[in-house]
Amino acid sequence: MNKRLISYILGWVLLVEGASMQLSTAVGLIYREWHFMKYFFYVGVALIILGVLLVFKKPKNNVMHLKDGFAATALSWILLSVAGCLPLWWSRVIPHFVDAVFETVSGFTTTGATILREIEHLPRCMLFWRSFSHFLGGMGVVVFLLAIIPRLGGTQNINLMKAESTGPSVSKSMPKLRNYAALLYGIYGGLTVVECVLLLCGGMDIFDAVTTSFSTAGTGGFMVYNDSMARFSPYLQTVVAVFMMLFGVNFYIYIAILSRRFKQAMKNEELWVYVGIVLSITALIAADLYFNRTYGDDLYQSVHQSFFYVTSIESSTGMAMTDVNHWPEFSKTLILIATCIGACAGSTGGGLKVTRFIILIKGIKKEFTLILHPRTVQTVKLDNKKITHEVSRSVSVFFAIYMSIVIIMTILISLNGFDFMTSFSSVLATLNNTGPGMNIVGSTGNYADFTVFSKLVFCFNMLAGRLELYPFLLIFIPSAWRKN
C-alpha cells in the first residue's frame, strides 16, 4: 500500500472541503448569521492548513495499484464526512457527534436520510452546506480531484476512477481521464445551472432554487423545508422531477450527444431500459392510486404524484410531495423495487444500477436456455457487445455481497424493536442511497429515533453503497494494508 500517495490525495480532499466551507461562510455573511458562519470559517481554514501540510511535499513514488486507489477513495469519503460534520456539531446545531456524522455522511453520499425533525429552524448557512454536500458528493470528490491534482495520470487516474465510478467497470481505453473528469463536471455543473434558471423562472427564490438544484444534481434529496417539495407549484415539481430523471442517466450519453454521436447515444440499451422502468412503474402506480381513489377522482394528481416519486426513488434522490405510507400496498412494493434497481451506471444516482440489472436478467435467461438446449452457444450482450465472463462474474459477486449486507444489516437494525418494514426499508434506503423508506423512515419521517449503534450501521451502509461496496469493504481487510 502506497501510504504516502494516499495521504497526498487526502490532503487535496481537505483542501477542497476547506475551500468549499467558505461558500457557507459567504452565505452566512449574506444572511447576517454571524454566530454560525464563524464555525465554517474556522473549520475551513484549519482543513486548508492541514491539507497544505499533506500536499506540500509530493510523493516520490507515484505508483498506485488498484487496492491503493480503492483505499484512497474510501478514506477520502470517511475523512470528508467526519471533517464536514464539525461545523454542525461544534455550533450545537446538531448536539450529538454521531448524529452530526450521520447527517454529513448522508449528505456527501447523496442519500438524503436525516435525523433532523425541524429543518426550517436551521440557519441558512447550515442548510446551504447540507445541500452543497450533495452537489460535491454527487459526481464524486475524487473524480473532481482527477481534474485538478497535478502529477497524477495514467494508471493512477484509472484506479481512482474505478474506485469511485458507479457501474460494473471503467475501461482502460478511456482516453485522457483528466480531461474526461473535467468534462463530466462541466456537464454536471451545466445541467445544475439550467435547472436553477428554470426554477427561478417558476417563481422560486434564489436560495431555494440553488439548494434545490444542488440536491437534485447530486440525487440527494435534502431540502430546506420539512415538507420537501409539497409547498411548490406543479410547474416547479415537474421541473425537479424531470431533472431527477436526467441526473439518473449515464453521463456518457451526454458526452456522446455533445460529440454529435447521436445514434450511439440513442442506441444505448441501458438508457431505454431506465426510461422504460420509470414509465412502467409510473403507469402502474398511477393506475393503482386512481382505482383505489387515493386522490379521489383526480387522474392528474395520481399521475403527477406517481411520476414525481418514481423519478425521485429510481434516481435515488428521495424528494417527496406526500406521505407514501398512505399509498396502497402494491404501489409501495413497486417503490421498494425501484429503490433496489436505482439509476444508470455513470450517473449520480445509487442502487444496484440498471446495467447490473440488465446483465443479471440476461444471465438468468442464458442459464435457462443452456438447460433447455445444452449444445447452444450462448453469450450475454449489451449494446450488441459481448459481456466478458469477468464482468458477468463481477456482477454476480456484487449482487451476492449486496444481498448479504441487506440480510445482515436488517438483522442488526431489527434490534431497535421497530416493525420489519421499517427495518428492512431503512437498510435498503441507506444502502441504495435513496433516503426515505417506509413507515417510520417514510417520505415524511426521519431516522432520529434509531440508536447510536443503528446510526453507525446506516453510515456504513451509505458509504458502502455510494462506493459500490468493494472500495469501502477493502479497508477492513488487514492484508490490503501490507506493502506491495
# chains A, B, ... in the order shown; residues from 1 in each chain; ligands from 1
>>> residues_around(residues="range 118-129 of chain A", least_positions_apart="5", cutoff="10 Å", atoms="only C-alpha atoms", output="VMD selection string")
chain A and resid 20 to 33 35 to 37 40 84 to 85 87 to 88 91 93 to 94 104 107 134 to 135 207 to 208 210 to 212 214 222 to 228
>>> residues_around(residues="Val45 in chain A", least_positions_apart="3", cutoff="9 Å", atoms="only C-alpha atoms", output="PyMOL selection string")
chain A and resi 18-19+21-22+40-42+48-50
>>> select_by_dssp(residues="range 80-149 of chain A", states="helix (DSSP H, G or I)", output="CSV table (one decimal) with all heavy atoms, in the first residue's frame")
chain,number,residue,atom,x,y,z
A,80,LEU,N,-13.9,13.1,4.5
A,80,LEU,CA,-14.8,14.2,4.0
A,80,LEU,C,-16.0,14.3,4.9
A,80,LEU,O,-16.4,15.4,5.3
A,80,LEU,CB,-15.2,13.8,2.6
A,80,LEU,CG,-15.9,14.9,1.8
A,80,LEU,CD1,-14.9,16.0,1.4
A,80,LEU,CD2,-16.6,14.3,0.6
A,81,SER,N,-16.5,13.1,5.4
A,81,SER,CA,-17.7,13.1,6.2
A,81,SER,C,-17.5,13.6,7.6
A,81,SER,O,-18.2,14.4,8.2
A,81,SER,CB,-18.3,11.7,6.2
A,81,SER,OG,-18.7,11.3,4.9
A,82,VAL,N,-16.4,13.1,8.2
A,82,VAL,CA,-16.1,13.4,9.6
A,82,VAL,C,-15.7,14.9,9.7
A,82,VAL,O,-16.2,15.6,10.6
A,82,VAL,CB,-14.9,12.5,10.1
A,82,VAL,CG1,-14.5,13.0,11.5
A,82,VAL,CG2,-15.4,11.1,10.2
A,83,ALA,N,-14.9,15.4,8.8
A,83,ALA,CA,-14.5,16.8,8.8
A,83,ALA,C,-15.7,17.7,8.5
A,83,ALA,O,-15.8,18.8,9.1
A,83,ALA,CB,-13.3,17.0,7.8
A,84,GLY,N,-16.5,17.2,7.6
A,84,GLY,CA,-17.7,18.0,7.2
A,84,GLY,C,-18.7,18.2,8.2
A,84,GLY,O,-19.5,19.2,8.2
A,86,LEU,N,-18.1,18.8,11.4
A,86,LEU,CA,-17.6,19.6,12.5
A,86,LEU,C,-18.3,20.9,12.7
A,86,LEU,O,-18.7,21.3,13.9
A,86,LEU,CB,-16.1,19.8,12.4
A,86,LEU,CG,-15.2,18.6,12.4
A,86,LEU,CD1,-13.7,18.9,12.2
A,86,LEU,CD2,-15.4,17.9,13.8
A,87,PRO,N,-18.6,21.7,11.7
A,87,PRO,CA,-19.4,22.9,11.9
A,87,PRO,C,-20.8,22.7,12.5
A,87,PRO,O,-21.3,23.4,13.4
A,87,PRO,CB,-19.5,23.6,10.5
A,87,PRO,CG,-18.3,23.0,9.8
A,87,PRO,CD,-18.2,21.6,10.3
A,88,LEU,N,-21.5,21.6,12.1
A,88,LEU,CA,-22.8,21.3,12.6
A,88,LEU,C,-22.7,20.9,14.1
A,88,LEU,O,-23.6,21.3,14.8
A,88,LEU,CB,-23.4,20.1,11.8
A,88,LEU,CG,-23.6,20.3,10.3
A,88,LEU,CD1,-24.1,19.1,9.6
A,88,LEU,CD2,-24.6,21.5,10.0
A,89,TRP,N,-21.7,20.1,14.4
A,89,TRP,CA,-21.5,19.7,15.8
A,89,TRP,C,-21.0,20.8,16.7
A,89,TRP,O,-21.5,21.0,17.8
A,89,TRP,CB,-20.6,18.5,15.8
A,89,TRP,CG,-20.3,17.9,17.2
A,89,TRP,CD1,-21.2,17.4,18.1
A,89,TRP,CD2,-19.0,17.8,17.8
A,89,TRP,NE1,-20.6,17.0,19.2
A,89,TRP,CE2,-19.2,17.2,19.1
A,89,TRP,CE3,-17.7,18.1,17.4
A,89,TRP,CZ2,-18.2,17.0,19.9
A,89,TRP,CZ3,-16.7,17.9,18.2
A,89,TRP,CH2,-16.9,17.3,19.5
A,90,TRP,N,-20.0,21.5,16.3
A,90,TRP,CA,-19.3,22.5,17.1
A,90,TRP,C,-20.3,23.6,17.4
A,90,TRP,O,-20.3,24.2,18.5
A,90,TRP,CB,-18.1,23.0,16.4
A,90,TRP,CG,-17.2,23.9,17.2
A,90,TRP,CD1,-17.2,24.1,18.5
A,90,TRP,CD2,-16.2,24.8,16.7
A,90,TRP,NE1,-16.3,25.0,18.9
A,90,TRP,CE2,-15.6,25.4,17.8
A,90,TRP,CE3,-15.7,25.0,15.4
A,90,TRP,CZ2,-14.6,26.3,17.6
A,90,TRP,CZ3,-14.6,25.9,15.2
A,90,TRP,CH2,-14.1,26.6,16.4
A,97,PHE,N,-22.5,14.1,18.4
A,97,PHE,CA,-21.5,13.9,17.3
A,97,PHE,C,-21.9,12.8,16.3
A,97,PHE,O,-21.8,13.0,15.1
A,97,PHE,CB,-20.1,13.5,17.9
A,97,PHE,CG,-19.0,13.3,16.9
A,97,PHE,CD1,-18.5,14.4,16.3
A,97,PHE,CD2,-18.5,12.1,16.6
A,97,PHE,CE1,-17.5,14.3,15.4
A,97,PHE,CE2,-17.5,11.9,15.7
A,97,PHE,CZ,-17.0,13.1,15.1
A,98,VAL,N,-22.4,11.7,16.8
A,98,VAL,CA,-22.8,10.6,15.9
A,98,VAL,C,-24.0,11.1,14.9
A,98,VAL,O,-24.0,10.8,13.7
A,98,VAL,CB,-23.3,9.3,16.6
A,98,VAL,CG1,-23.9,8.3,15.7
A,98,VAL,CG2,-22.1,8.7,17.3
A,99,ASP,N,-24.9,11.9,15.5
A,99,ASP,CA,-26.0,12.5,14.7
A,99,ASP,C,-25.4,13.4,13.6
A,99,ASP,O,-25.8,13.4,12.4
A,99,ASP,CB,-26.9,13.2,15.5
A,99,ASP,CG,-27.9,12.3,16.3
A,99,ASP,OD1,-27.9,11.1,16.0
A,99,ASP,OD2,-28.6,12.8,17.2
A,100,ALA,N,-24.4,14.2,14.0
A,100,ALA,CA,-23.8,15.1,13.0
A,100,ALA,C,-23.0,14.3,11.9
A,100,ALA,O,-23.1,14.7,10.7
A,100,ALA,CB,-22.8,16.0,13.8
A,101,VAL,N,-22.4,13.2,12.3
A,101,VAL,CA,-21.7,12.4,11.3
A,101,VAL,C,-22.7,11.7,10.4
A,101,VAL,O,-22.5,11.7,9.2
A,101,VAL,CB,-20.8,11.3,12.0
A,101,VAL,CG1,-20.3,10.3,11.0
A,101,VAL,CG2,-19.7,11.9,12.8
A,102,PHE,N,-23.8,11.2,11.0
A,102,PHE,CA,-24.9,10.6,10.2
A,102,PHE,C,-25.4,11.6,9.1
A,102,PHE,O,-25.5,11.3,7.9
A,102,PHE,CB,-26.0,10.2,11.1
A,102,PHE,CG,-27.2,9.6,10.3
A,102,PHE,CD1,-27.3,8.2,10.2
A,102,PHE,CD2,-28.2,10.4,9.8
A,102,PHE,CE1,-28.4,7.7,9.5
A,102,PHE,CE2,-29.3,9.9,9.1
A,102,PHE,CZ,-29.4,8.5,9.0
A,103,GLU,N,-25.7,12.8,9.6
A,103,GLU,CA,-26.3,13.8,8.7
A,103,GLU,C,-25.3,14.2,7.5
A,103,GLU,O,-25.7,14.3,6.4
A,103,GLU,CB,-26.6,15.1,9.4
A,103,GLU,CG,-27.5,16.0,8.7
A,103,GLU,CD,-29.0,15.6,8.7
A,103,GLU,OE1,-29.3,14.6,9.4
A,103,GLU,OE2,-29.8,16.2,8.0
A,104,THR,N,-24.0,14.2,7.9
A,104,THR,CA,-23.0,14.6,6.9
A,104,THR,C,-22.7,13.5,5.9
A,104,THR,O,-22.5,13.7,4.7
A,104,THR,CB,-21.7,15.1,7.6
A,104,THR,OG1,-22.0,16.0,8.6
A,104,THR,CG2,-20.8,15.7,6.6
A,105,VAL,N,-22.6,12.2,6.5
A,105,VAL,CA,-22.4,11.1,5.6
A,105,VAL,C,-23.6,11.0,4.6
A,105,VAL,O,-23.4,10.8,3.4
A,105,VAL,CB,-22.3,9.8,6.4
A,105,VAL,CG1,-22.4,8.5,5.5
A,105,VAL,CG2,-21.0,9.7,7.2
A,106,SER,N,-24.8,11.2,5.1
A,106,SER,CA,-26.0,11.2,4.3
A,106,SER,C,-25.9,12.3,3.2
A,106,SER,O,-26.3,12.0,2.1
A,106,SER,CB,-27.2,11.4,5.2
A,106,SER,OG,-28.4,11.4,4.4
A,107,GLY,N,-25.3,13.4,3.6
A,107,GLY,CA,-25.2,14.5,2.6
A,107,GLY,C,-24.2,14.2,1.5
A,107,GLY,O,-24.5,14.2,0.3
A,108,PHE,N,-23.0,13.8,1.9
A,108,PHE,CA,-22.0,13.5,0.9
A,108,PHE,C,-22.2,12.3,0.0
A,108,PHE,O,-21.8,12.2,-1.1
A,108,PHE,CB,-20.6,13.4,1.5
A,108,PHE,CG,-20.0,14.8,1.9
A,108,PHE,CD1,-19.8,15.1,3.2
A,108,PHE,CD2,-19.6,15.7,0.9
A,108,PHE,CE1,-19.3,16.4,3.6
A,108,PHE,CE2,-19.1,16.9,1.2
A,108,PHE,CZ,-18.9,17.3,2.6
A,119,ILE,N,-36.3,21.0,10.1
A,119,ILE,CA,-35.2,21.5,9.2
A,119,ILE,C,-35.3,23.0,9.0
A,119,ILE,O,-34.2,23.7,8.9
A,119,ILE,CB,-35.4,20.8,7.8
A,119,ILE,CG1,-35.2,19.3,8.0
A,119,ILE,CG2,-34.4,21.3,6.8
A,119,ILE,CD1,-35.5,18.5,6.8
A,120,GLU,N,-36.5,23.6,9.0
A,120,GLU,CA,-36.6,25.0,8.7
A,120,GLU,C,-36.0,25.9,9.8
A,120,GLU,O,-35.9,27.1,9.5
A,120,GLU,CB,-38.1,25.3,8.5
A,120,GLU,CG,-38.7,24.6,7.3
A,120,GLU,CD,-40.3,24.7,7.3
A,120,GLU,OE1,-40.8,25.7,7.8
A,120,GLU,OE2,-40.9,23.8,6.7
A,121,HIS,N,-35.8,25.4,10.9
A,121,HIS,CA,-35.2,26.2,12.0
A,121,HIS,C,-33.7,26.4,11.9
A,121,HIS,O,-33.1,27.1,12.6
A,121,HIS,CB,-35.5,25.6,13.4
A,121,HIS,CG,-37.0,25.7,13.7
A,121,HIS,ND1,-37.6,25.0,14.8
A,121,HIS,CD2,-38.0,26.3,13.1
A,121,HIS,CE1,-38.9,25.2,14.8
A,121,HIS,NE2,-39.2,26.0,13.8
A,124,ARG,N,-29.4,29.5,7.5
A,124,ARG,CA,-29.3,29.4,6.1
A,124,ARG,C,-27.9,28.8,5.7
A,124,ARG,O,-27.8,28.0,4.7
A,124,ARG,CB,-29.5,30.7,5.4
A,124,ARG,CG,-30.9,31.3,5.4
A,124,ARG,CD,-31.8,30.4,4.6
A,124,ARG,NE,-33.2,30.9,4.5
A,124,ARG,CZ,-33.7,31.6,3.5
A,124,ARG,NH1,-33.0,31.9,2.5
A,124,ARG,NH2,-35.0,32.0,3.6
A,125,CYS,N,-26.8,29.2,6.4
A,125,CYS,CA,-25.5,28.7,6.0
A,125,CYS,C,-25.4,27.2,6.3
A,125,CYS,O,-24.7,26.5,5.5
A,125,CYS,CB,-24.4,29.5,6.8
A,125,CYS,SG,-24.5,29.4,8.6
A,126,MET,N,-26.1,26.7,7.3
A,126,MET,CA,-26.1,25.3,7.6
A,126,MET,C,-27.0,24.5,6.5
A,126,MET,O,-26.6,23.4,6.0
A,126,MET,CB,-26.7,25.0,9.0
A,126,MET,CG,-25.9,25.6,10.1
A,126,MET,SD,-24.3,24.8,10.4
A,126,MET,CE,-23.6,25.8,11.7
A,127,LEU,N,-28.1,25.1,6.1
A,127,LEU,CA,-28.9,24.5,5.1
A,127,LEU,C,-28.2,24.4,3.8
A,127,LEU,O,-28.3,23.5,3.0
A,127,LEU,CB,-30.2,25.3,4.9
A,127,LEU,CG,-31.2,25.2,6.1
A,127,LEU,CD1,-32.4,26.2,5.9
A,127,LEU,CD2,-31.8,23.8,6.3
A,128,PHE,N,-27.4,25.5,3.5
A,128,PHE,CA,-26.7,25.5,2.2
A,128,PHE,C,-25.6,24.4,2.3
A,128,PHE,O,-25.4,23.7,1.2
A,128,PHE,CB,-26.0,26.9,2.1
A,128,PHE,CG,-25.1,27.0,0.9
A,128,PHE,CD1,-25.7,27.4,-0.4
A,128,PHE,CD2,-23.8,26.7,0.9
A,128,PHE,CE1,-24.9,27.5,-1.5
A,128,PHE,CE2,-23.0,26.8,-0.2
A,128,PHE,CZ,-23.5,27.2,-1.4
A,129,TRP,N,-24.9,24.2,3.4
A,129,TRP,CA,-23.9,23.2,3.5
A,129,TRP,C,-24.5,21.8,3.3
A,129,TRP,O,-23.8,21.0,2.6
A,129,TRP,CB,-23.2,23.3,4.8
A,129,TRP,CG,-22.1,22.3,5.0
A,129,TRP,CD1,-22.0,21.3,6.0
A,129,TRP,CD2,-20.9,22.2,4.3
A,129,TRP,NE1,-20.9,20.6,5.8
A,129,TRP,CE2,-20.2,21.1,4.8
A,129,TRP,CE3,-20.4,22.9,3.2
A,129,TRP,CZ2,-18.9,20.7,4.3
A,129,TRP,CZ3,-19.1,22.4,2.7
A,129,TRP,CH2,-18.5,21.4,3.2
A,130,ARG,N,-25.6,21.6,3.8
A,130,ARG,CA,-26.3,20.3,3.6
A,130,ARG,C,-26.5,20.0,2.2
A,130,ARG,O,-26.2,18.9,1.6
A,130,ARG,CB,-27.6,20.2,4.4
A,130,ARG,CG,-27.5,20.1,5.9
A,130,ARG,CD,-28.9,20.3,6.5
A,130,ARG,NE,-29.6,19.0,6.5
A,130,ARG,CZ,-30.7,18.8,5.9
A,130,ARG,NH1,-31.3,19.8,5.2
A,130,ARG,NH2,-31.4,17.6,6.0
A,131,SER,N,-27.1,21.0,1.5
A,131,SER,CA,-27.4,20.8,0.0
A,131,SER,C,-26.1,20.8,-0.8
A,131,SER,O,-26.0,20.0,-1.8
A,131,SER,CB,-28.3,21.9,-0.5
A,131,SER,OG,-29.5,21.9,0.2
A,132,PHE,N,-25.1,21.6,-0.5
A,132,PHE,CA,-23.9,21.6,-1.2
A,132,PHE,C,-23.1,20.3,-1.1
A,132,PHE,O,-22.4,19.9,-2.0
A,132,PHE,CB,-23.0,22.8,-0.8
A,132,PHE,CG,-21.8,23.0,-1.7
A,132,PHE,CD1,-22.0,23.4,-3.0
A,132,PHE,CD2,-20.5,22.6,-1.3
A,132,PHE,CE1,-20.9,23.6,-3.8
A,132,PHE,CE2,-19.4,22.8,-2.1
A,132,PHE,CZ,-19.6,23.2,-3.4
A,133,SER,N,-23.3,19.6,0.1
A,133,SER,CA,-22.6,18.4,0.3
A,133,SER,C,-23.1,17.3,-0.8
A,133,SER,O,-22.4,16.5,-1.2
A,133,SER,CB,-22.8,17.8,1.7
A,133,SER,OG,-24.2,17.5,1.9
A,134,HIS,N,-24.4,17.5,-1.1
A,134,HIS,CA,-25.0,16.6,-2.2
A,134,HIS,C,-24.3,16.9,-3.5
A,134,HIS,O,-23.9,16.0,-4.2
A,134,HIS,CB,-26.5,16.9,-2.4
A,134,HIS,CG,-27.3,16.2,-1.3
A,134,HIS,ND1,-27.0,15.1,-0.7
A,134,HIS,CD2,-28.6,16.5,-0.9
A,134,HIS,CE1,-28.0,14.7,0.1
A,134,HIS,NE2,-28.9,15.6,0.0
A,135,PHE,N,-24.1,18.2,-3.8
A,135,PHE,CA,-23.5,18.6,-5.1
A,135,PHE,C,-22.1,18.1,-5.2
A,135,PHE,O,-21.6,17.6,-6.2
A,135,PHE,CB,-23.6,20.1,-5.3
A,135,PHE,CG,-23.0,20.6,-6.6
A,135,PHE,CD1,-23.8,20.4,-7.7
A,135,PHE,CD2,-21.8,21.1,-6.7
A,135,PHE,CE1,-23.3,20.9,-9.0
A,135,PHE,CE2,-21.3,21.6,-7.9
A,135,PHE,CZ,-22.0,21.4,-9.0
A,136,LEU,N,-21.3,18.3,-4.1
A,136,LEU,CA,-19.9,17.9,-4.0
A,136,LEU,C,-19.8,16.3,-4.1
A,136,LEU,O,-18.9,15.8,-4.8
A,136,LEU,CB,-19.2,18.4,-2.8
A,136,LEU,CG,-17.7,18.3,-2.7
A,136,LEU,CD1,-17.1,19.0,-3.9
A,136,LEU,CD2,-17.2,18.9,-1.4
A,137,GLY,N,-20.7,15.6,-3.5
A,137,GLY,CA,-20.6,14.2,-3.4
A,137,GLY,C,-21.2,13.5,-4.6
A,137,GLY,O,-20.9,12.3,-4.9
A,138,GLY,N,-22.1,14.2,-5.3
A,138,GLY,CA,-22.9,13.6,-6.4
A,138,GLY,C,-22.0,13.0,-7.5
A,138,GLY,O,-22.1,11.8,-7.8
A,139,MET,N,-21.2,13.8,-8.1
A,139,MET,CA,-20.3,13.3,-9.2
A,139,MET,C,-19.1,12.6,-8.6
A,139,MET,O,-18.4,11.8,-9.3
A,139,MET,CB,-19.9,14.4,-10.1
A,139,MET,CG,-19.1,14.0,-11.4
A,139,MET,SD,-20.0,12.7,-12.4
A,139,MET,CE,-21.4,13.7,-12.9
A,141,VAL,N,-16.1,13.3,-5.2
A,141,VAL,CA,-15.0,14.2,-4.9
A,141,VAL,C,-13.7,13.8,-5.5
A,141,VAL,O,-12.9,14.6,-6.0
A,141,VAL,CB,-14.8,14.4,-3.4
A,141,VAL,CG1,-14.4,13.1,-2.7
A,141,VAL,CG2,-13.8,15.5,-3.0
A,142,VAL,N,-13.5,12.5,-5.6
A,142,VAL,CA,-12.2,12.0,-6.2
A,142,VAL,C,-12.2,12.3,-7.7
A,142,VAL,O,-11.2,12.6,-8.3
A,142,VAL,CB,-12.0,10.5,-5.9
A,142,VAL,CG1,-10.8,10.0,-6.6
A,142,VAL,CG2,-11.8,10.3,-4.4
A,143,VAL,N,-13.4,12.1,-8.4
A,143,VAL,CA,-13.5,12.5,-9.8
A,143,VAL,C,-13.1,14.0,-10.0
A,143,VAL,O,-12.4,14.3,-11.0
A,143,VAL,CB,-14.9,12.2,-10.3
A,143,VAL,CG1,-15.0,12.7,-11.8
A,143,VAL,CG2,-15.2,10.7,-10.3
A,144,PHE,N,-13.6,14.8,-9.1
A,144,PHE,CA,-13.2,16.2,-9.1
A,144,PHE,C,-11.7,16.4,-9.0
A,144,PHE,O,-11.1,17.2,-9.7
A,144,PHE,CB,-13.9,17.0,-8.1
A,144,PHE,CG,-13.6,18.4,-8.0
A,144,PHE,CD1,-14.0,19.3,-9.0
A,144,PHE,CD2,-12.8,18.9,-6.9
A,144,PHE,CE1,-13.7,20.7,-8.9
A,144,PHE,CE2,-12.5,20.3,-6.8
A,144,PHE,CZ,-12.9,21.1,-7.8
A,145,LEU,N,-11.1,15.6,-8.1
A,145,LEU,CA,-9.7,15.8,-7.8
A,145,LEU,C,-8.9,15.3,-9.0
A,145,LEU,O,-7.8,15.9,-9.3
A,145,LEU,CB,-9.3,14.9,-6.6
A,145,LEU,CG,-9.8,15.3,-5.2
A,145,LEU,CD1,-9.3,14.4,-4.2
A,145,LEU,CD2,-9.4,16.8,-4.9
A,146,LEU,N,-9.4,14.4,-9.8
A,146,LEU,CA,-8.7,14.0,-11.0
A,146,LEU,C,-8.5,15.1,-12.0
A,146,LEU,O,-7.5,15.1,-12.8
A,146,LEU,CB,-9.4,12.8,-11.7
A,146,LEU,CG,-9.5,11.5,-11.0
A,146,LEU,CD1,-10.3,10.5,-11.8
A,146,LEU,CD2,-8.0,10.9,-10.8
A,147,ALA,N,-9.4,16.1,-12.0
A,147,ALA,CA,-9.3,17.2,-12.9
A,147,ALA,C,-8.3,18.3,-12.4
A,147,ALA,O,-8.0,19.2,-13.2
A,147,ALA,CB,-10.7,17.8,-13.1
A,148,ILE,N,-8.0,18.2,-11.1
A,148,ILE,CA,-7.1,19.3,-10.6
A,148,ILE,C,-5.8,18.9,-9.9
A,148,ILE,O,-4.9,19.7,-9.9
A,148,ILE,CB,-7.9,20.2,-9.5
A,148,ILE,CG1,-8.3,19.3,-8.3
A,148,ILE,CG2,-9.2,20.7,-10.1
A,148,ILE,CD1,-8.9,20.1,-7.1
>>> residues_around(residues="Val242 in chain A", least_positions_apart="6", cutoff="12 Å", atoms="only C-alpha atoms", output="list in words")
Leu191, Val194, Glu195, Leu198, Leu199, Ser213, Thr216, Ala217, Thr219, Tyr235, Leu236, Gly248, Val249, Val275, Val278, His304, Phe307, Phe308, Tyr309, Val310, Thr311, Ser312, Ser315 and Thr317 of chain A
>>> closest_residue(among="A:Leu370, A:Lys455, A:Ala429, A:Gly351", to="Leu412 in chain A", atoms="only C-alpha atoms")
A:Lys455
>>> residues_around(residues="Met266 in chain A", least_positions_apart="2", cutoff="12 Å", atoms="only C-alpha atoms", output="ChimeraX atom specification")
/A:252-254,256-257,260-264,268-273,275,383
